[in-house]
Every structure is written in structure tokens, then in C-alpha cells.
$ cat work_24.txt   # compact mmCIF, C-alpha atoms
# COMPACT_ATOMS: atom_id res chain seq x y z
CA MET A 271 67.88 62.96 133.69
CA ASN A 272 71.08 60.92 133.46
CA ALA A 273 69.79 59.24 130.29
CA ILE A 274 69.38 62.63 128.59
CA THR A 275 72.73 64.07 129.69
CA MET A 276 74.80 60.96 128.97
CA ARG A 277 78.17 61.89 127.47
CA PRO A 278 79.60 60.04 124.45
CA SER A 279 82.68 57.86 124.58
CA ILE A 280 85.52 57.59 122.07
CA TYR A 281 86.54 54.17 120.77
CA HIS A 282 89.46 53.12 118.61
CA ALA A 283 89.19 50.43 115.96
CA ARG A 284 92.13 48.68 114.35
CA ASN A 285 93.09 50.09 110.98
CA HIS A 286 94.07 47.17 108.75
CA ALA A 287 95.05 49.54 105.93
CA ALA A 288 97.76 51.17 108.04
CA GLU A 289 99.74 49.00 110.45
CA GLY A 290 99.97 50.46 113.95
CA GLU A 291 97.26 53.08 113.42
CA SER A 292 93.69 53.14 114.70
CA ILE A 293 90.39 54.68 113.63
CA ALA A 294 88.69 56.83 116.27
CA PHE A 295 84.90 57.08 116.37
CA THR A 296 82.41 58.46 118.85
CA ALA A 297 79.48 56.51 120.29
CA ARG A 298 76.94 57.64 122.86
CA PHE A 299 75.35 54.31 123.79
CA ALA A 300 77.76 51.68 122.46
CA LEU A 301 79.57 49.83 125.20
CA ARG A 302 82.49 47.44 124.94
CA TYR A 303 82.58 44.34 127.13
CA GLY A 304 85.99 42.83 127.73
CA GLY A 305 89.36 43.93 126.42
CA LYS A 306 92.08 46.15 127.80
CA SER A 307 89.74 49.10 128.37
CA GLN A 308 87.36 47.15 130.60
CA ASN A 309 88.17 49.24 133.69
CA GLU A 310 87.59 52.46 131.78
CA GLU A 311 84.21 51.21 130.51
CA SER A 312 82.97 49.75 133.81
CA ALA A 313 81.76 53.17 134.96
CA ARG A 314 79.51 53.50 131.87
CA GLN A 315 77.87 50.08 132.18
CA PRO A 316 75.28 51.09 134.83
CA GLU A 317 74.65 54.36 132.98
CA ILE A 318 73.79 52.49 129.76
CA ARG A 319 71.54 50.02 131.60
CA ASN A 320 69.74 52.81 133.45
CA ALA A 321 69.25 54.74 130.21
CA PHE A 322 67.69 51.68 128.54
CA ASN A 323 65.45 51.20 131.59
CA SER A 324 64.00 54.67 131.10
CA PRO A 325 61.46 56.19 128.67
CA PHE A 326 64.35 57.85 126.80
CA TRP A 327 67.10 56.64 124.46
CA PRO A 328 68.37 54.02 123.78
CA PHE A 329 65.27 52.14 122.62
CA VAL A 330 67.24 49.13 121.31
CA LEU A 331 69.98 47.37 123.23
CA ALA A 332 72.29 44.91 121.47
CA SER A 333 74.43 42.67 123.62
CA THR A 334 76.59 39.58 123.46
CA SER A 335 75.93 36.60 125.73
CA VAL A 336 77.39 38.59 128.64
CA GLY A 337 74.04 40.40 128.88
CA GLN A 338 71.86 37.30 129.15
CA GLU A 339 72.24 36.85 132.91
CA GLY A 340 71.82 39.00 135.98
CA ILE A 341 70.48 42.14 134.26
CA ASP A 342 66.91 43.41 134.44
CA PHE A 343 65.51 45.01 131.28
CA HIS A 344 61.81 44.44 131.98
CA TRP A 345 60.90 47.95 133.12
CA TRP A 346 60.51 49.38 129.62
CA SER A 347 60.96 46.38 127.34
CA HIS A 348 59.03 43.19 126.59
CA ALA A 349 60.67 41.95 123.36
CA VAL A 350 63.78 39.84 122.78
CA VAL A 351 65.45 39.30 119.41
CA HIS A 352 67.68 36.21 119.28
CA TRP A 353 70.40 36.80 116.71
CA ASN A 354 71.39 33.16 117.07
CA VAL A 355 69.97 30.05 118.69
CA PRO A 356 71.65 29.15 122.01
CA SER A 357 73.06 25.70 122.48
CA ASN A 358 70.83 24.73 125.41
CA PRO A 359 67.40 25.65 126.81
CA VAL A 360 68.86 27.13 130.01
CA ASP A 361 70.58 29.93 128.07
CA PHE A 362 67.38 30.47 126.09
CA GLU A 363 65.41 30.90 129.32
CA GLN A 364 68.04 33.26 130.69
CA ARG A 365 67.78 35.51 127.64
CA GLU A 366 64.01 35.83 127.78
CA GLY A 367 64.16 36.15 131.55
CA ARG A 368 65.68 39.62 131.12
CA VAL A 369 62.25 40.97 130.09
CA ASN A 370 59.86 38.32 131.44
CA ARG A 371 60.00 39.25 135.10
CA PHE A 372 57.90 40.35 138.07
CA ALA A 373 55.60 43.29 137.15
CA GLY A 374 57.19 43.51 133.71
CA HIS A 375 56.45 46.01 130.97
CA ALA A 376 53.88 43.86 129.16
CA VAL A 377 51.97 43.18 132.37
CA ARG A 378 51.92 46.86 133.34
CA LYS A 379 50.70 47.88 129.88
CA ASN A 380 47.78 45.46 130.11
CA ILE A 381 46.89 46.57 133.63
CA ALA A 382 47.12 50.26 132.70
CA ALA A 383 44.82 49.71 129.72
CA ALA A 384 42.26 47.77 131.77
CA HIS A 385 42.25 49.83 134.98
CA ALA A 386 42.96 53.42 133.99
CA SER A 387 39.53 54.47 135.26
CA ASP A 388 40.18 52.79 138.63
CA VAL A 389 43.38 54.80 139.01
CA MET A 390 41.60 58.06 138.24
CA THR A 391 38.92 57.41 140.87
CA SER A 392 41.31 56.10 143.53
CA GLU A 393 42.55 58.25 146.41
CA ASP A 394 45.84 56.34 146.59
CA PRO A 395 48.75 58.68 145.74
CA ASN A 396 50.60 55.77 144.08
CA PRO A 397 48.88 55.15 140.72
CA TRP A 398 50.55 51.77 140.15
CA LYS A 399 49.46 50.50 143.57
CA ALA A 400 45.90 51.52 142.78
CA ALA A 401 46.10 49.80 139.38
CA PHE A 402 47.51 46.53 140.76
CA ASP A 403 45.01 46.54 143.63
CA ALA A 404 42.20 46.80 141.12
CA ALA A 405 43.75 44.12 138.91
CA SER A 406 44.15 41.70 141.83
CA LYS A 407 40.37 41.67 142.29
CA THR A 408 39.76 40.48 138.72
CA HIS A 409 40.80 37.34 136.82
CA GLU A 410 41.14 35.28 139.98
CA ASP A 411 40.96 32.22 137.72
CA LEU A 412 44.59 32.88 136.72
CA GLY A 413 45.81 31.95 140.19
CA GLU A 414 48.65 33.42 142.20
CA PHE A 415 50.62 34.46 139.11
CA SER A 416 48.08 37.21 138.44
CA PRO A 417 48.44 40.16 138.31
CA PHE A 418 52.20 40.56 138.81
CA TRP A 419 53.40 37.88 136.38
CA ILE A 420 50.56 37.45 133.89
CA TYR A 421 47.58 39.58 132.98
CA PRO A 422 45.40 39.33 129.85
CA GLY A 423 45.67 42.04 127.23
CA ASP A 424 47.20 43.01 123.91
CA ALA A 425 50.78 43.35 125.22
CA LYS A 426 52.73 40.10 125.44
CA ILE A 427 56.34 38.97 125.76
CA GLU A 428 57.65 38.96 122.20
CA ARG A 429 60.14 36.34 121.05
CA GLN A 430 61.76 36.94 117.68
CA LEU A 431 64.14 34.41 116.16
CA VAL A 432 66.17 35.70 113.24
CA SER A 433 66.08 33.10 110.45
CA PHE A 434 68.86 33.69 107.99
CA PRO A 435 68.51 31.79 104.66
CA LEU A 436 70.67 28.64 104.46
CA SER A 437 71.70 29.11 108.08
CA ARG A 438 72.34 26.16 110.38
CA ASP A 439 70.10 27.88 112.93
CA LEU A 440 67.02 26.98 110.88
CA ALA A 441 67.34 23.35 111.89
CA LYS A 442 68.31 24.28 115.45
CA ILE A 443 65.18 26.35 116.04
CA ASP A 444 62.80 23.36 116.05
CA ARG A 445 65.17 21.30 118.20
CA MET A 446 65.53 24.18 120.64
CA LYS A 447 61.77 24.70 120.93
CA GLU A 448 61.27 21.01 121.69
CA ALA A 449 64.13 20.95 124.20
CA LEU A 450 62.78 24.12 125.81
CA THR A 451 59.31 22.62 126.19
CA LEU A 452 60.68 19.44 127.76
CA TYR A 453 62.93 21.52 130.03
CA ARG A 454 59.94 23.53 131.24
CA PHE A 455 57.89 20.37 131.58
CA THR A 456 60.40 18.90 134.06
CA LEU A 457 60.01 22.07 136.14
CA GLY A 458 56.22 21.79 136.06
CA GLN A 459 55.66 24.88 133.92
CA PRO A 460 55.43 23.95 130.22
CA ARG A 461 54.25 26.55 127.74
CA GLN A 462 50.99 25.01 126.60
CA GLU A 463 51.15 26.09 122.95
CA ASP A 464 54.66 24.65 122.57
CA MET A 465 53.63 21.37 124.17
CA MET A 466 50.59 21.03 121.89
CA GLU A 467 52.76 21.78 118.85
CA ILE A 468 55.15 18.96 119.76
CA LEU A 469 52.28 16.52 120.26
CA LYS A 470 50.79 17.53 116.91
CA ARG A 471 54.10 16.99 115.07
CA ARG A 472 54.32 13.52 116.59
CA GLY A 473 50.78 12.66 115.52
CA VAL A 474 49.35 12.62 119.04
CA ASP A 475 45.84 13.88 119.70
CA GLY A 476 46.08 15.99 122.86
CA ALA A 477 42.35 15.68 123.54
CA ALA A 478 42.61 11.88 123.59
CA LEU A 479 45.40 11.72 126.18
CA PRO A 480 44.53 10.49 129.69
CA LEU A 481 44.35 13.17 132.37
CA LEU A 482 46.15 13.10 135.71
CA ASP A 483 43.86 14.53 138.40
CA LEU A 484 45.97 16.19 141.12
CA SER A 485 43.05 17.83 142.90
CA PRO A 486 42.69 17.05 146.63
CA PRO A 487 40.21 14.31 147.57
CA ARG A 488 36.70 15.34 148.51
CA SER A 489 35.51 15.10 152.11
CA ALA A 490 33.43 11.96 151.42
CA GLU A 491 36.42 10.18 149.90
CA VAL A 492 38.62 11.15 152.88
CA ALA A 493 36.03 9.73 155.31
CA SER A 494 35.87 6.49 153.30
CA ILE A 495 39.67 6.13 153.34
CA ARG A 496 39.79 6.67 157.10
CA THR A 497 37.10 4.01 157.61
CA ILE A 498 39.11 1.49 155.59
CA GLU A 499 42.29 2.27 157.53
CA GLU A 500 40.55 1.90 160.91
CA THR A 501 39.05 -1.43 159.79
CA GLN A 502 42.48 -2.73 158.80
CA LEU A 503 43.94 -1.72 162.15
$ encode --input "work_24.txt" --output "C-alpha cells"
Amino acid sequence: MNAITMRPSIYHARNHAAEGESIAFTARFALRYGGKSQNEESARQPEIRNAFNSPFWPFVLASTSVGQEGIDFHWWSHAVVHWNVPSNPVDFEQREGRVNRFAGHAVRKNIAAAHASDVMTSEDPNPWKAAFDAASKTHEDLGEFSPFWIYPGDAKIERQLVSFPLSRDLAKIDRMKEALTLYRFTLGQPRQEDMMEILKRRGVDGAALPLLDLSPPRSAEVASIRTIEETQL
């Protein structure tokens, strides 16, 4: 309801044609971060965020780097447009982390499409609980990340990098993708398609690489190891 009844705000831009004068204009969803009017605008910040996290306007939210941390936009959004390429992979992860979160929009769309019939036949008054309960019983091969973090379907987290002709960002995009893959690799969660793309560019055949088996030893191997240890003692 607050998103529908949101009142507009009046802003003043500097008029370079007339010294000392300003140009007044009205905006319903635009929000200024920083500046002398920060205290006046602080009351509208949660209203704008709540309106974006609703089925109603605004459907597009443009922000400076101040919006890349600590704000959740995943309830009704699963796409991020990068107007520029950040200088490090941490900032890149922070930006996409605004929409790639627990029970995000893309995950809920896939679950709703796959388990609508389960919701209709369930006696649970909470439709989303019924849908996630049904989803948790399928695709167990995806591990503990399913169904709240990942779930197969047509909806996916969308990453869009704006490539302006003759821009310096064109060369930075490839470097950032490689740095991002290595950054995720150190945390144990590389994005597989990015990793394979890097190996391909470097002329490495991923299928020919040796595998590191981290599976626990089988019971027979454990018994053999214990026998060797007892013999040595």
C-alpha cells in the first residue's frame, strides 16, 4: 500500500545559465544519496527500497556504489546491470549479492513453476511453505544448497555488463571475470562455466586434468589403515 501512495519529492538542480538560481523538478522514486539534504532524504530511503521490493513501481532501481552493500533486493528482482566494471572482485560479488540471496526471486519462480500443483493440493495455509517442502524432496543431488539457494528452471540470476564502444571497460571485463573466478576458487566455490572458460583460453583441456578425490575412505580402506598403524605400534 505504501508503494502505491508514495508521495513525490521536489529536487533543485543548479542552473548554470543563471548564477544563484536553481531548477526545481519533481520525482516520485528518485533519491539523492549524500549532500546537504541527506537528513531530509533519509526518511524516504526505506520507502523507496520497500517500494522496489514489492510487485508495484518502481520496476528499475538505479544506484551508485552506495547501494552495493547491505541492501536486499532479491524479493522481486534477479537481474543486475553493471554500468561500469568494479575495480576488484569483492565489489563485483557485493553487487550481485543484492539479488543472489536466500530464497531469491529466481529460485521462487522456478519452484512456483515446478510445484504449483503441490501447493493446490496441500492443506498448509502457507503456500510458499508447501512449495518449498515439495521442492526439498526433489533434486537431492544438488545438495544442501537446494532448494533455498539453487533450483533448476528457466529463471536465473542475470548479469548484464554494459559494453560501451571504445570504452576502457571492454578490456577490464575479461580481467574481472578471471579475477572473480580465482577469487571464488580460493573460497571453494568457483562458477564452473567461468573456470572452464579460463582453462580454454589458456589452452588447457579440462577433461585431461587430474582429479582430486576428497571423498571419505571406504570401510575396507579404514580397516587396512588401522591394521598398519597397530603393526607399527
$ residues_around --input "work_24.txt" --residues "stretch 438-442 of chain A" --least-positions-apart "3" --cutoff "7 Å" --atoms "all atoms listed in the file" --output "count of residues only"
5
$ residues_around --input "work_24.txt" --residues "A:Ala373" --least-positions-apart "6" --cutoff "9 Å" --atoms "all atoms listed in the file" --output "short mmCIF file (atom, residue, chain, number, x, y, z; two decimals) with C-alpha atoms, in the coordinates of the input"
data_model
loop_
_atom_site.label_atom_id
_atom_site.label_comp_id
_atom_site.auth_asym_id
_atom_site.auth_seq_id
_atom_site.Cartn_x
_atom_site.Cartn_y
_atom_site.Cartn_z
CA HIS A 344 61.81 44.44 131.98
CA TRP A 345 60.90 47.95 133.12
CA PRO A 417 48.44 40.16 138.31
CA PHE A 418 52.20 40.56 138.81
CA TRP A 419 53.40 37.88 136.38
CA ILE A 420 50.56 37.45 133.89
#
$ atom_distance --input "work_24.txt" --atom1 "atom CA of A:Thr334" --atom2 "atom CA of A:Val432"
15.1 Å
$ atom_distance --input "work_24.txt" --atom1 "atom CA of A:Phe402" --atom2 "atom CA of A:Arg378"
8.6 Å
$ atom_distance --input "work_24.txt" --atom1 "atom CA of A:Leu452" --atom2 "atom CA of A:Gly374"
25.0 Å
$ closest_residue --input "work_24.txt" --among "A:Val474, A:Val360, A:Ala404, A:Val330" --to "A:Lys447" --atoms "all atoms listed in the file"
A:Val360
$ residues_around --input "work_24.txt" --residues "A:Asp342" --least-positions-apart "5" --cutoff "9 Å" --atoms "all atoms listed in the file" --output "VMD selection string"
chain A and resid 319 323 367 to 369 371
$ closest_residue --input "work_24.txt" --among "A:Arg314, A:His352, A:His375, A:Lys399" --to "A:Gln338" --atoms "only C-alpha atoms"
A:His352
$ closest_residue --input "work_24.txt" --among "A:Phe295, A:Phe415, A:Phe322, A:Phe343" --to "A:Ala283" --atoms "only C-alpha atoms"
A:Phe295
$ axis_aligned_box --input "work_24.txt" --around "stretch 358-373 of chain A" --padding-each-side "5 Å" --output "lines of an AutoDock Vina configuration file"
center_x = 63.2
center_y = 34.0
center_z = 131.7
size_x = 25.2
size_y = 28.6
size_z = 22.7
$ closest_residue --input "work_24.txt" --among "A:Leu412, A:Ser335, A:Asp475, A:Thr296" --to "A:Pro356" --atoms "all atoms listed in the file"
A:Ser335
$ closest_residue --input "work_24.txt" --among "A:Phe362, A:Ala288, A:Asp464, A:Ala300" --to "A:Ser333" --atoms "all atoms listed in the file"
A:Ala300
$ closest_residue --input "work_24.txt" --among "A:Ala383, A:Ile427, A:Met466, A:Ala405" --to "A:Glu448" --atoms "only C-alpha atoms"
A:Met466
$ residues_near_point --input "work_24.txt" --point "(50.3, 48.2, 134.7)" --cutoff "7 Å" --atoms "only C-alpha atoms" --output "PyMOL selection string"
chain A and resi 377-382+398+401-402
$ write_last_selection --input "work_24.txt" --atoms "C-alpha atoms" --output "PDB file, in the coordinates of the input"
ATOM      1  CA  VAL A 377      51.970  43.180 132.370  1.00  0.00           C
ATOM      2  CA  ARG A 378      51.920  46.860 133.340  1.00  0.00           C
ATOM      3  CA  LYS A 379      50.700  47.880 129.880  1.00  0.00           C
ATOM      4  CA  ASN A 380      47.780  45.460 130.110  1.00  0.00           C
ATOM      5  CA  ILE A 381      46.890  46.570 133.630  1.00  0.00           C
ATOM      6  CA  ALA A 382      47.120  50.260 132.700  1.00  0.00           C
ATOM      7  CA  TRP A 398      50.550  51.770 140.150  1.00  0.00           C
ATOM      8  CA  ALA A 401      46.100  49.800 139.380  1.00  0.00           C
ATOM      9  CA  PHE A 402      47.510  46.530 140.760  1.00  0.00           C
TER      10      PHE A 402
END
